[in-house]
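Data block below; observations after.
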Amino acid sequence: MKNIRRFGRTGVHPPEMKLTAGSPIKDMPLPRRVEISLAQSLGRPAAAVVKPGDHVNRFDLIGEAQGAVSANVHTPITGTVKSVGPIDTPDGHGATGVVIEASDADHACDLQSICDATPLITPDGIGRLSPQEITDAIRRAGIVGLGGATFPTATKLSPPPGSPRCEFLLINGAECEPYLTCDDAIMREMPGEIITGIEIMLRALGDDVRCIVGIEDNKPQAIREMTVAARSHSRITVMPMRTRYPQGGEKMLVKALTGRSIAPGALPISEGVIIQNVATALAVYHAVVWGMPLVERVMTVSGKDCQAAGNYRVPVGTPLKDIVGSLPDTTVRIVNGGTMMGRALAGIQGSTTKGMSGLLLLNSQEAPLRDTTPCVRCGRCVEVCPMGLEPYLLAKLSQLGRIDDAAARHVADCMECGCCSYSCMAGRPLVDWIKVGKSMARQR
Amino acid sequence: MEGNRITVTGSPHVSAKRTTQSVMLNVIAALLPALACGIWIFGWRSALVAAVTIAACMLTEFLCARYMLGRRDSLRDCTAIVTGLLLAMTLPSSIPLPMAFAGGVFAIGVGKMAFGGSGQNIFNPALVGRVFLLISFPVEMTTWPLPLSPDGLTGATLLSAMKESGVDAASIDVAQLAIGNMGGSLGEVGAIALVAGWLYLTARRIIRLVIPVAILASIALLAAVTGNSVVVELLSGGLLLGAFFMATDYVTSPMTTKGMIVYGILIGVITFVIRHYGSYPEGISFAILIMNGCTPLINKLTRPRVFGERRKR
Ligand code: SF4
Ligand code: SF4
């Protein structure tokens, strides 16, 4: 393949571990009980609009967005609201959520409605929608960035007045995290739907906006399928990118696909770019064409000893226990997300959210514990840092509480990609310290 | 499920395989051919000297770490072995063993632990030990046994011979230099062995090419410009040992590529100046130590550019 894009020579290439790369997407059966957190987006949690005892239908609104960075929450099942209040979350912090249980009749009714579903508009109907209608539909559907950032999509698609003109819509199909294959799976199986989703977003952004879909070259089938699907759309280009972590990071992706560098502290729109994930494009398709709110997503369950490994279409609010059953005896680490940026969980608790792209059950070989020895100033962390920072120094300054010095060395620009800790031969938890420094610098 | 011991730590949850220990073991392995060369040329006493300096370094490291820093595991990263081995490589094989031992104690005690242990020192500990010996015992440190002479005759190293008695560079057999058949410290002879070790470390990506290439290139250029023999200049005076294994020490060399280039070139220039205009025939030890001292400054001046930061116009 010629013209392969890359963001630069920094970053790392961890073992890809895409164990579930070829697996087809399996449907999780509709659960009979869901626990849906109302904190499903970056901003404030949604406010509950149902109360215990209410009967709700599949796709009904149960939580209303509170401001532009908050998002609506809907129910994936028909049933009766059991409670509105504290629920368990995977990270153990707990959140306010809605618990809904389905009776046999409710369940049967849902299964029927899935069979009976019909699209609201035909493909050529997209051109007749106004940008406003599109962003409204996306906002109503509670769509957030499914790459993990959970920033409301509608807000991103309508930059505030006075922003630079948007020239590019970049679609992130990098999936540079080890293990995760859910974006790969949807690109292989639903390229047409994703391209339609992109078309809808392009319609909302304006006629002069072009779209580039960036896919890493360890996903050749996805590149092929997406290229074929995009063939009849002159404004959509699929570009392969050389596999390199963290290519899916916002600034890296913009650099790889457009050659532009976003200044420290600036947003992509400052370079005329808006970024959406492939899974988000799929959700937009479902929302606009089928009138379906964001109540399910595809996620990867993986790990060498994980019996349940695969790509699943999972209703939001499905208890994690329903997905993995019991833990393999050898599991020593549970990760929500990928191994580079995901969060370690204390156990299988809580239920899935919109932002959850992976659930990994890792054994002691896959996620070994490391001894921490003194920094030998080898410079490897500096060499790999995609943001051009000095991780050893930032970690030290944060540890010493010298937050002003850390701020002067751009601690705020750390994207928390983990390349530094990954490569540190002394096994130092650099990112942990840098995160502390970052949050202290923010509080100033 | 109850039987699982789940660990919760921050991301990332995977890491590269390399550890400080594995890196140091690789460095030791890379030094072994040169040590073997030293043993072949100067006899088994070379091995004895190395054993003594390594023992001295390990003992000093252990005791200081244990009683000054309260750390029991400081030997595990194997840096003390590397220091001991490197120190031995810079000594004449005829050095009295108590002196070798004292050198090892000084290298670790003053060169490393006094700064706070691993990763904290400014100067390369092995070179600190060597310079300490050179100043304290100038006679023993500059009496070099003649190669392949079992009766222990001693003579001058090539550079000092050239400097002091005007040996003509043209009369020197380059092939003999390459296999190490010359006077010198037990590890600096045997260019081929040193190059092999260096190539190994470079191929395993343990050290980068930048520093050694910058040093060798700048010296070669200076030699050529001033009409000296480039080959003799490169193959003598411990230059290869210093450029490959000492100037590349992680702790005491700069962090960024830019910094490494500056550091390497300046080491080359200083070495050349000391060799030709100073009073010591070998300049590389001092050049590296001087640049070690400048490394914090170089690091400050050659910060990486933050992503997206625009150059001021
Ligand atoms: S990678 Fe680790 S040992 Fe090397 S300089 Fe960075 S913090 Fe220090
Ligand atoms: S300092 Fe931040 S941006 Fe740089 S490698 Fe570490 S985690 Fe990534």
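Ordering of the structure tokens sets the chain letters (A, B, ...), residue numbers begin anew at 1 in every chain, and ligands are numbered from 1 in the order given.
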
Pick out the residues no farther than 10 Å from ligand 1, counting only C-alpha atoms and all ligand atoms, and list them as a CSV table (one decimal) with N, CA and C atoms, in the first residue's frame.
```csv
chain,number,residue,atom,x,y,z
A,372,THR,N,9.8,-1.6,40.8
A,372,THR,CA,10.2,-0.2,40.5
A,372,THR,C,11.7,0.0,41.0
A,373,THR,N,12.6,0.3,40.1
A,373,THR,CA,14.0,0.6,40.5
A,373,THR,C,14.2,2.1,40.2
A,374,PRO,N,15.4,2.6,40.7
A,374,PRO,CA,15.6,4.0,40.5
A,374,PRO,C,15.7,4.3,39.0
A,375,CYS,N,15.3,5.5,38.6
A,375,CYS,CA,15.4,6.0,37.2
A,375,CYS,C,16.9,6.1,36.9
A,376,VAL,N,17.2,5.5,35.7
A,376,VAL,CA,18.6,5.5,35.3
A,376,VAL,C,18.9,6.6,34.2
A,377,ARG,N,17.9,7.4,34.0
A,377,ARG,CA,18.0,8.6,33.1
A,377,ARG,C,18.4,8.1,31.7
A,378,CYS,N,17.8,7.0,31.3
A,378,CYS,CA,18.1,6.5,30.0
A,378,CYS,C,17.5,7.3,28.8
A,379,GLY,N,16.5,8.1,29.1
A,379,GLY,CA,16.0,9.0,28.1
A,379,GLY,C,14.9,8.3,27.2
A,380,ARG,N,14.6,7.0,27.5
A,380,ARG,CA,13.7,6.3,26.7
A,380,ARG,C,12.3,6.9,26.8
A,381,CYS,N,11.9,7.4,28.0
A,381,CYS,CA,10.6,8.0,28.1
A,381,CYS,C,10.5,9.3,27.3
A,382,VAL,N,11.6,10.0,27.2
A,382,VAL,CA,11.6,11.3,26.5
A,382,VAL,C,11.5,10.9,25.0
A,383,GLU,N,12.2,9.9,24.6
A,383,GLU,CA,12.2,9.5,23.2
A,383,GLU,C,10.8,9.0,22.7
A,384,VAL,N,10.1,8.4,23.5
A,384,VAL,CA,8.8,7.8,23.1
A,384,VAL,C,7.6,8.8,23.3
A,385,CYS,N,7.8,9.8,24.1
A,385,CYS,CA,6.6,10.6,24.4
A,385,CYS,C,6.1,11.3,23.2
A,390,GLU,N,9.0,15.6,28.9
A,390,GLU,CA,10.1,14.9,29.6
A,390,GLU,C,9.4,14.2,30.8
A,391,PRO,N,8.9,13.0,30.5
A,391,PRO,CA,8.1,12.3,31.6
A,391,PRO,C,8.9,12.0,32.9
A,392,TYR,N,10.2,11.7,32.8
A,392,TYR,CA,10.9,11.4,34.0
A,392,TYR,C,10.9,12.6,34.9
A,393,LEU,N,11.0,13.8,34.3
A,393,LEU,CA,11.1,15.0,35.0
A,393,LEU,C,9.8,15.4,35.6
A,394,LEU,N,8.7,15.3,34.8
A,394,LEU,CA,7.4,15.6,35.2
A,394,LEU,C,7.0,14.7,36.4
A,395,ALA,N,7.3,13.5,36.3
A,395,ALA,CA,7.0,12.5,37.4
A,395,ALA,C,7.7,13.0,38.6
A,396,LYS,N,8.9,13.3,38.5
A,396,LYS,CA,9.7,13.7,39.7
A,396,LYS,C,9.2,15.0,40.3
A,419,CYS,N,2.8,5.7,27.1
A,419,CYS,CA,4.0,5.3,26.4
A,419,CYS,C,5.3,5.3,27.3
A,420,CYS,N,5.3,6.4,28.1
A,420,CYS,CA,6.5,6.5,29.0
A,420,CYS,C,6.6,5.4,30.0
A,421,SER,N,5.6,5.1,30.7
A,421,SER,CA,5.6,4.0,31.7
A,421,SER,C,5.8,2.7,31.0
A,422,TYR,N,5.2,2.5,29.8
A,422,TYR,CA,5.4,1.3,29.1
A,422,TYR,C,6.8,1.0,28.8
A,423,SER,N,7.6,2.1,28.4
A,423,SER,CA,9.0,1.8,28.0
A,423,SER,C,10.0,2.0,29.1
A,424,CYS,N,9.6,2.4,30.2
A,424,CYS,CA,10.6,2.6,31.3
A,424,CYS,C,11.2,1.3,31.8
A,425,MET,N,12.5,1.2,31.6
A,425,MET,CA,13.2,0.0,32.0
A,425,MET,C,13.3,-0.1,33.5
A,426,ALA,N,13.1,1.0,34.2
A,426,ALA,CA,13.1,0.9,35.7
A,426,ALA,C,11.7,0.6,36.2
A,427,GLY,N,10.8,0.4,35.4
A,427,GLY,CA,9.4,0.0,35.8
A,427,GLY,C,8.7,1.1,36.6
A,428,ARG,N,9.0,2.4,36.3
A,428,ARG,CA,8.5,3.5,37.1
A,428,ARG,C,7.1,3.8,36.7
A,429,PRO,N,6.2,4.0,37.6
A,429,PRO,CA,4.8,4.4,37.2
A,429,PRO,C,4.7,5.9,36.9
A,430,LEU,N,5.3,6.3,35.8
A,430,LEU,CA,5.4,7.7,35.5
A,430,LEU,C,4.1,8.3,35.3
B,19,THR,N,14.3,-4.5,31.3
B,19,THR,CA,14.5,-3.9,32.7
B,19,THR,C,15.9,-3.4,32.8
B,20,THR,N,16.2,-2.6,33.8
B,20,THR,CA,17.6,-2.1,34.0
B,20,THR,C,18.5,-3.3,34.1
B,119,GLY,N,21.5,6.3,39.4
B,119,GLY,CA,20.7,7.3,38.7
B,119,GLY,C,20.9,8.7,39.2
B,250,TYR,N,23.9,5.7,30.5
B,250,TYR,CA,22.6,6.5,30.5
B,250,TYR,C,22.6,7.6,31.5
B,251,VAL,N,23.1,7.3,32.7
B,251,VAL,CA,22.9,8.2,33.8
B,251,VAL,C,23.6,9.6,33.5
B,255,MET,N,19.7,13.4,27.5
B,255,MET,CA,18.5,12.6,27.3
B,255,MET,C,18.0,12.6,25.8
```

Taking a cut-off of 10 Å and counting only C-alpha atoms and all ligand atoms, can you build a table that, for each residue of chain B near ligand 2, reports the nearest atom pair and how far apart they are in Å (one decimal), sorted by chain then residue number, as JSON lines?
```
{"residue": "B:Ser11", "atom": "CA", "partner": "ligand 2", "partner_atom_place_in_ligand_line": "7 (S)", "distance": 9.2}
{"residue": "B:Pro12", "atom": "CA", "partner": "ligand 2", "partner_atom_place_in_ligand_line": "7 (S)", "distance": 9.0}
{"residue": "B:Val306", "atom": "CA", "partner": "ligand 2", "partner_atom_place_in_ligand_line": "4 (Fe)", "distance": 9.8}
{"residue": "B:Phe307", "atom": "CA", "partner": "ligand 2", "partner_atom_place_in_ligand_line": "3 (S)", "distance": 9.5}
```

N, CA, C and O atoms of the current selection, written as an mmCIF file, in the first residue's frame:
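Result file is selection23.cif:
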```
data_model
loop_
_atom_site.group_PDB
_atom_site.id
_atom_site.type_symbol
_atom_site.label_atom_id
_atom_site.label_comp_id
_atom_site.auth_asym_id
_atom_site.auth_seq_id
_atom_site.Cartn_x
_atom_site.Cartn_y
_atom_site.Cartn_z
ATOM 1 N N SER B 11 -2.821 2.779 34.707
ATOM 2 C CA SER B 11 -2.449 2.358 33.374
ATOM 3 C C SER B 11 -1.019 2.811 33.095
ATOM 4 O O SER B 11 -0.535 3.732 33.742
ATOM 5 N N PRO B 12 -0.305 2.272 32.135
ATOM 6 C CA PRO B 12 -0.696 1.122 31.315
ATOM 7 C C PRO B 12 -0.546 -0.196 32.078
ATOM 8 O O PRO B 12 0.157 -0.243 33.079
ATOM 9 N N VAL B 306 7.723 20.611 22.604
ATOM 10 C CA VAL B 306 6.389 20.133 22.934
ATOM 11 C C VAL B 306 5.556 20.062 21.658
ATOM 12 O O VAL B 306 5.625 20.961 20.817
ATOM 13 N N PHE B 307 4.780 18.986 21.526
ATOM 14 C CA PHE B 307 3.992 18.768 20.313
ATOM 15 C C PHE B 307 3.146 19.994 19.994
ATOM 16 O O PHE B 307 2.410 20.500 20.835
#
```

- Message: Can you tell me, as a ChimeraX atom specification, which residues in region 120-259 of chain A count as strand (DSSP E) by DSSP?
- Response: /A:168-173,210-216,236-241

- Message: List as JSON, numbers by chain the protein and nucleic acid residues near Arg72 (chain B), meaning an atom at most 8 Å away when only C-alpha atoms are counted, but skip any in the same chain fewer than 6 places from it.
- Response: {"B": [62, 65, 66]}

- Task: Enumerate the residues of region 26-164 of chain B with a DSSP assignment of helix (DSSP H, G or I), computed from the backbone, and present them as an MDAnalysis selection string.
- Result: chainID B and resid 26:42 45:69 74:77 79:89 97:109 113:115 125:136 138:141 158:164

- May I ask for the distance between CA of Val316 (chain A) and CA of Met28 (chain A), given in Å to one decimal place?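 Interatomic distance, CA of Val316 (chain A) to CA of Met28 (chain A): 10.8 Å.
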
- Task: Would you kindly report the residues of chain B within 10 Å of chain A, using only C-alpha atoms, as a count of residues only?
- Result: 53

- Query: Which is closest to Lys82 (chain A) among A:Arg33, A:Arg44, A:Arg128, A:Arg224, if we use only C-alpha atoms?
  - Reply: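 Closest candidate: A:Arg33.
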
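The shortest atom-to-atom distance to Glu175 (chain A), with only C-alpha atoms taken into account, belongs to A:Asp217 out of A:Glu189, A:Asp136, A:Asp217, A:Asp116.
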